[in-house]
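Below is one structure; the comments refer to it alone.
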Amino acid sequence: MMPPQYTCFECKRQFPRSSFLVHSCIKNKTSDIVSTVRTESSEAKHFDEGKPDLSMLRFDALEQVSKVFEFGQRKYGRDNYLSGMPWTKLTASTLRHVFKWLGGETVDPESFQNHLAHAVCCLLMLLTYQVQKLGTDDRSPKLDKPQNT
């Protein structure tokens, strides 16, 4: 295995570690070394800085969510929800599934899928509505101050 090579961003030449800091582009520029040096490796370049790291999503959980979407496809048709509906309908459905789960019922008796997976589906649909400006935003208007009762 070859020792790591360093590439000078100014002259584009490669140098072994031992001689990099003494070549002509770098002499007397020690403050610029960090921005001028990069380690070469055999790994392919892939520019994904600033992009979401989707590998952090759990496949086992997403698989359950996908099964709920498949159930919805059989019941309503694929992507039926993209036709839009009032946002509070999805909010109410989310809460019903969460409350069933909190009450000790893990599996929805109609779909035989986890209530939390149903709630996640509802929230994903609701987020889609918000991002893509679909459905009807029928949330209560924001109140400036609390009402006295």
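By convention here, the chains of the structure tokens are called A, B, ... in the order presented, each chain's residues are numbered starting at 1, and ligands are numbered starting at 1 in the order presented.
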| message | Env of A:Glu63: 12 Å cut, atoms = only C-alpha atoms, seq-sep filter 5 positions within chain, self excluded. Answer as number ranges by chain. | response | A: 57-58, 68-70, 113-114, 117-118, 120-121
Could you save those same residues with C-alpha atoms as a PDB file, in the first residue's frame?
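Contents of again00.pdb, as written:
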ATOM      1  CA  LEU A  57     -33.561   6.639   8.868  1.00  0.00           C
ATOM      2  CA  ARG A  58     -34.372   3.250  10.360  1.00  0.00           C
ATOM      3  CA  VAL A  68     -49.507   1.251   6.042  1.00  0.00           C
ATOM      4  CA  PHE A  69     -49.175   3.191   2.786  1.00  0.00           C
ATOM      5  CA  GLU A  70     -49.704  -0.094   0.904  1.00  0.00           C
ATOM      6  CA  GLN A 113     -50.458  -2.615  11.259  1.00  0.00           C
ATOM      7  CA  ASN A 114     -48.913  -0.694  14.152  1.00  0.00           C
ATOM      8  CA  ALA A 117     -46.881   3.531  11.787  1.00  0.00           C
ATOM      9  CA  HIS A 118     -50.355   4.841  10.931  1.00  0.00           C
ATOM     10  CA  VAL A 120     -46.319   8.497  11.030  1.00  0.00           C
ATOM     11  CA  CYS A 121     -48.110   8.036   7.681  1.00  0.00           C
TER      12      CYS A 121
END
| said: With distances taken over only C-alpha atoms, which residue among A:Leu82, A:Pro52, A:Lys67, A:His115 lies nearest A:His97? | reply: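 Distance minimum relative to A:His97 lands on A:His115.
Closest to A:Phe112 among A:Lys133, A:Pro141, A:Lys51, A:Phe71 is A:Phe71, based on only C-alpha atoms.
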| remark: Taken to one decimal, the atom CA of A:Met125-atom CA of A:Asp137 distance is 12.9 Å
| query | Running DSSP on the backbone, which parts of stretch 34-110 of chain A land in helix (DSSP H, G or I), as a VMD selection string? | reply | chain A and resid 34 to 36 54 to 56 59 to 76 80 to 83 87 to 102
| query | Could you pull the residues within 9 Å of A:Leu123, counting only C-alpha atoms, minus those fewer than 3 positions along the same chain, as number ranges by chain? | reply | A: 90-91, 94, 118-120, 126-128
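Closest approach to A:Ser111 among A:Asp53, A:Leu134, A:Leu95, A:Val65: A:Val65, based on only C-alpha atoms.
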| task | Please identify all polymer residues within 9 Å of A:Tyr81, counting only C-alpha atoms, omitting same-chain residues fewer than 4 positions from it, and present them as a PyMOL selection string. | result | chain A and resi 76-77+85+125+135
Resulting file, chosen residues, N, CA and C atoms, as a short mmCIF file (atom, residue, chain, number, x, y, z; two decimals), in the first residue's frame:
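Generated file (selection_9.cif):
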data_model
loop_
_atom_site.label_atom_id
_atom_site.label_comp_id
_atom_site.auth_asym_id
_atom_site.auth_seq_id
_atom_site.Cartn_x
_atom_site.Cartn_y
_atom_site.Cartn_z
N TYR A 76 -57.85 2.97 -0.81
CA TYR A 76 -58.24 4.24 -1.43
C TYR A 76 -57.68 4.46 -2.84
N GLY A 77 -56.65 3.71 -3.22
CA GLY A 77 -55.96 3.96 -4.48
C GLY A 77 -54.61 4.63 -4.20
N MET A 85 -57.14 17.23 1.20
CA MET A 85 -58.25 17.18 2.16
C MET A 85 -57.94 18.22 3.23
N MET A 125 -48.10 12.57 5.33
CA MET A 125 -49.06 13.15 4.39
C MET A 125 -49.29 14.62 4.72
N GLY A 135 -54.17 20.37 -0.20
CA GLY A 135 -55.23 20.30 0.79
C GLY A 135 -55.63 21.69 1.28
#
| note | Nearest to A:Ser66, restricted to only C-alpha atoms and choosing among A:Asp48, A:Cys122, A:Ser140, A:Gln132, comes out as A:Cys122
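When only C-alpha atoms are used to compute distances to A:Gly84, the closest of the residues A:Tyr129, A:Arg139, A:Gly103, A:Arg13 turns out to be A:Tyr129.
Here atom CA of A:Trp87 and atom CA of A:Asp138 stand 6.0 Å from one another.
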